[in-house]
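What follows is a set of notes on a single structure, which appears directly below.
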Amino acid sequence: MVSGLYTLDELRQTIAADPQRWRPLVFTNGCFDLIHAGHVRYLQVARSLGKALVVGLNSDRSVQAIKPQAVGLPPRPIVPEQQRAEVLAALRAVDGVVIFAETTASQLLDSLQPDIYVKGGDYKLETLPEAAIVQAYGGHIELVQIEVPSSTSAIVKRILATNVT
């Protein structure tokens, strides 16, 4: 069992049992395939917005659905969900991780109702699929500028472009 990794029911019960420790609750979500400095800084900023940060982690199946294999690139995710969850849960900024199978975090948001939902500054409210749910229960959405522009896809492309002899 990985410390900090919860099922949705466990997380709901844990938050309800000690709201002073968890609220205001900050939530973000993503694939977090190859953790890099951009992820770490993003999570640190997200965590600074409340008392606790929960990360919704896309399951392997949902990553495959939202990131179809591109020609010449390996299938995603590169790192299996349990390992991605373990790395995230070990980060100081992260208080809890919950893996979800859907392509959006809408069900998690509806269930947990975090006070603040954080996404990267590359999103816009109009194109954020979860925005309506967060707004419906009165939550706040914060779009955080990514300090280190990097991505798993860019890292993989850079590795593949290196001519190793």
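FYI, nothing fancy with the structure tokens labels: chains A, B, ... in order, residues from 1 per chain, ligands from 1 as they appear.
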
Next item on the list: Using DSSP on the backbone, list every residue of region 15-150 of chain A that comes out as helix (DSSP H, G or I), and give them as a ChimeraX atom specification.
Entry: /A:15-17,19-22,37-47,60-66,81-90,106-112,125-127,131-137

Would you list the contacts of Glu86 (chain A) as a compact mmCIF listing (two decimals) with C-alpha atoms, in the first residue's frame, taking every protein, DNA or RNA residue within 12 Å and counting only C-alpha atoms, but skipping same-chain residues closer than 2 positions in sequence?
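File written: around-v7.txt
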```txt
# COMPACT_ATOMS: atom_id res chain seq x y z
CA MET A 1 0.00 0.00 0.00
CA VAL A 2 1.37 3.37 -1.02
CA SER A 3 1.04 6.05 1.64
CA GLY A 4 -1.11 8.89 0.33
CA LEU A 5 -2.87 6.78 -2.33
CA TYR A 6 -6.61 6.55 -1.74
CA PHE A 32 1.78 12.88 -14.78
CA ASP A 33 3.55 10.29 -16.93
CA ILE A 35 7.43 13.72 -13.69
CA VAL A 55 -4.20 14.89 -7.31
CA LEU A 57 -4.40 10.65 -11.60
CA VAL A 79 4.98 4.63 -16.63
CA PRO A 80 2.20 2.39 -15.19
CA GLU A 81 -0.47 4.03 -13.03
CA GLN A 82 0.64 2.49 -9.71
CA GLN A 83 4.18 3.78 -10.21
CA ARG A 84 2.95 7.22 -11.30
CA LEU A 88 3.14 11.71 -6.96
CA ALA A 89 2.21 10.63 -3.43
CA ALA A 90 5.88 10.94 -2.39
CA LEU A 91 6.05 14.61 -3.40
CA VAL A 94 0.83 16.28 -2.54
CA ASP A 95 -1.42 15.18 0.33
CA GLY A 96 -3.38 12.56 -1.53
CA VAL A 97 -3.66 10.78 -4.87
CA VAL A 98 -6.72 9.09 -6.30
CA ILE A 99 -6.66 7.18 -9.60
```

Next item on the list: For Ser111 (chain A), work out the shell of residues within 10 Å, counting only C-alpha atoms and skipping chain neighbours fewer than 4 positions away, then give it as an MDAnalysis selection string.
Entry: chainID A and resid 8:9 12 106:107

Based on the selection just made, write all heavy atoms of those residues as a PDB file, in the first residue's frame.
```pdb
ATOM      1  N   LEU A   8     -11.531   6.588  -3.965  1.00  0.00           N
ATOM      2  CA  LEU A   8     -12.403   7.754  -3.799  1.00  0.00           C
ATOM      3  C   LEU A   8     -13.149   7.678  -2.470  1.00  0.00           C
ATOM      4  O   LEU A   8     -13.233   8.674  -1.745  1.00  0.00           O
ATOM      5  CB  LEU A   8     -13.376   7.883  -4.971  1.00  0.00           C
ATOM      6  CG  LEU A   8     -14.358   9.046  -4.890  1.00  0.00           C
ATOM      7  CD1 LEU A   8     -13.649  10.378  -4.725  1.00  0.00           C
ATOM      8  CD2 LEU A   8     -15.252   9.051  -6.132  1.00  0.00           C
ATOM      9  N   ASP A   9     -13.679   6.514  -2.120  1.00  0.00           N
ATOM     10  CA  ASP A   9     -14.406   6.377  -0.856  1.00  0.00           C
ATOM     11  C   ASP A   9     -13.510   6.639   0.348  1.00  0.00           C
ATOM     12  O   ASP A   9     -13.912   7.327   1.287  1.00  0.00           O
ATOM     13  CB  ASP A   9     -15.037   4.984  -0.745  1.00  0.00           C
ATOM     14  CG  ASP A   9     -16.269   4.835  -1.626  1.00  0.00           C
ATOM     15  OD1 ASP A   9     -16.854   5.865  -2.034  1.00  0.00           O
ATOM     16  OD2 ASP A   9     -16.648   3.686  -1.910  1.00  0.00           O
ATOM     17  N   ARG A  12     -12.839  10.435   0.549  1.00  0.00           N
ATOM     18  CA  ARG A  12     -14.028  11.162   1.044  1.00  0.00           C
ATOM     19  C   ARG A  12     -14.163  11.009   2.550  1.00  0.00           C
ATOM     20  O   ARG A  12     -14.417  11.979   3.271  1.00  0.00           O
ATOM     21  CB  ARG A  12     -15.284  10.668   0.347  1.00  0.00           C
ATOM     22  CG  ARG A  12     -15.414  11.161  -1.080  1.00  0.00           C
ATOM     23  CD  ARG A  12     -16.612  10.600  -1.752  1.00  0.00           C
ATOM     24  NE  ARG A  12     -17.749  10.635  -0.828  1.00  0.00           N
ATOM     25  CZ  ARG A  12     -19.002  10.627  -1.172  1.00  0.00           C
ATOM     26  NH1 ARG A  12     -19.324  10.590  -2.432  1.00  0.00           N
ATOM     27  NH2 ARG A  12     -19.955  10.650  -0.290  1.00  0.00           N
ATOM     28  N   SER A 106     -14.508  14.993 -13.853  1.00  0.00           N
ATOM     29  CA  SER A 106     -15.817  15.504 -13.449  1.00  0.00           C
ATOM     30  C   SER A 106     -16.435  14.741 -12.288  1.00  0.00           C
ATOM     31  O   SER A 106     -16.949  15.345 -11.346  1.00  0.00           O
ATOM     32  CB  SER A 106     -16.773  15.504 -14.644  1.00  0.00           C
ATOM     33  OG  SER A 106     -16.297  16.394 -15.630  1.00  0.00           O
ATOM     34  N   GLN A 107     -16.403  13.409 -12.336  1.00  0.00           N
ATOM     35  CA  GLN A 107     -17.002  12.614 -11.254  1.00  0.00           C
ATOM     36  C   GLN A 107     -16.270  12.823  -9.933  1.00  0.00           C
ATOM     37  O   GLN A 107     -16.898  12.919  -8.878  1.00  0.00           O
ATOM     38  CB  GLN A 107     -17.035  11.137 -11.628  1.00  0.00           C
ATOM     39  CG  GLN A 107     -18.029  10.812 -12.722  1.00  0.00           C
ATOM     40  CD  GLN A 107     -18.042   9.324 -13.069  1.00  0.00           C
ATOM     41  OE1 GLN A 107     -17.408   8.504 -12.424  1.00  0.00           O
ATOM     42  NE2 GLN A 107     -18.780   8.982 -14.117  1.00  0.00           N
TER      43      GLN A 107
END
```

Notebook entry, point to check: Neighbours of Thr28 (chain A) within 10 Å (only C-alpha atoms; same-chain residues fewer than 5 positions away dropped), as a ChimeraX atom specification?
Noted result: /A:42-43,46-47,53-57,97,105,109,114,116-120,142

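Coordinates place CA of Arg61 (chain A) at a distance of 22.0 Å from CA of Leu112 (chain A).
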
Item checked: Nearest residue to Glu126 (chain A) from the set A:Thr104, A:Asp110, A:Leu143, A:Glu10 (distances using only C-alpha atoms) ->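 That would be A:Leu143, the residue with the smallest distance to Glu126 (chain A).
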
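You can rank A:Lys51, A:Arg92, A:Arg158, A:Arg21 by their closest distance to Asp115 (chain A) using only C-alpha atoms, and at the top of that list sits A:Lys51.
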
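Taking only C-alpha atoms into account, Leu25 (chain A) lies nearest to A:Leu49 out of the set A:Leu73, A:Ala136, A:Leu49, A:Ala37.
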
Notebook entry, point to check: Hey, can you check how far CA of Tyr123 (chain A) sits from CA of Asp60 (chain A)?
Noted result: 22.4 Å

Notebook entry, point to check: Pick the closest to Lys157 (chain A) from A:Val71, A:Ala131, A:Val87, A:Val26: which is it, counting only C-alpha atoms?
Noted result: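 Once distances to Lys157 (chain A) are computed over only C-alpha atoms, the minimum belongs to A:Val71.
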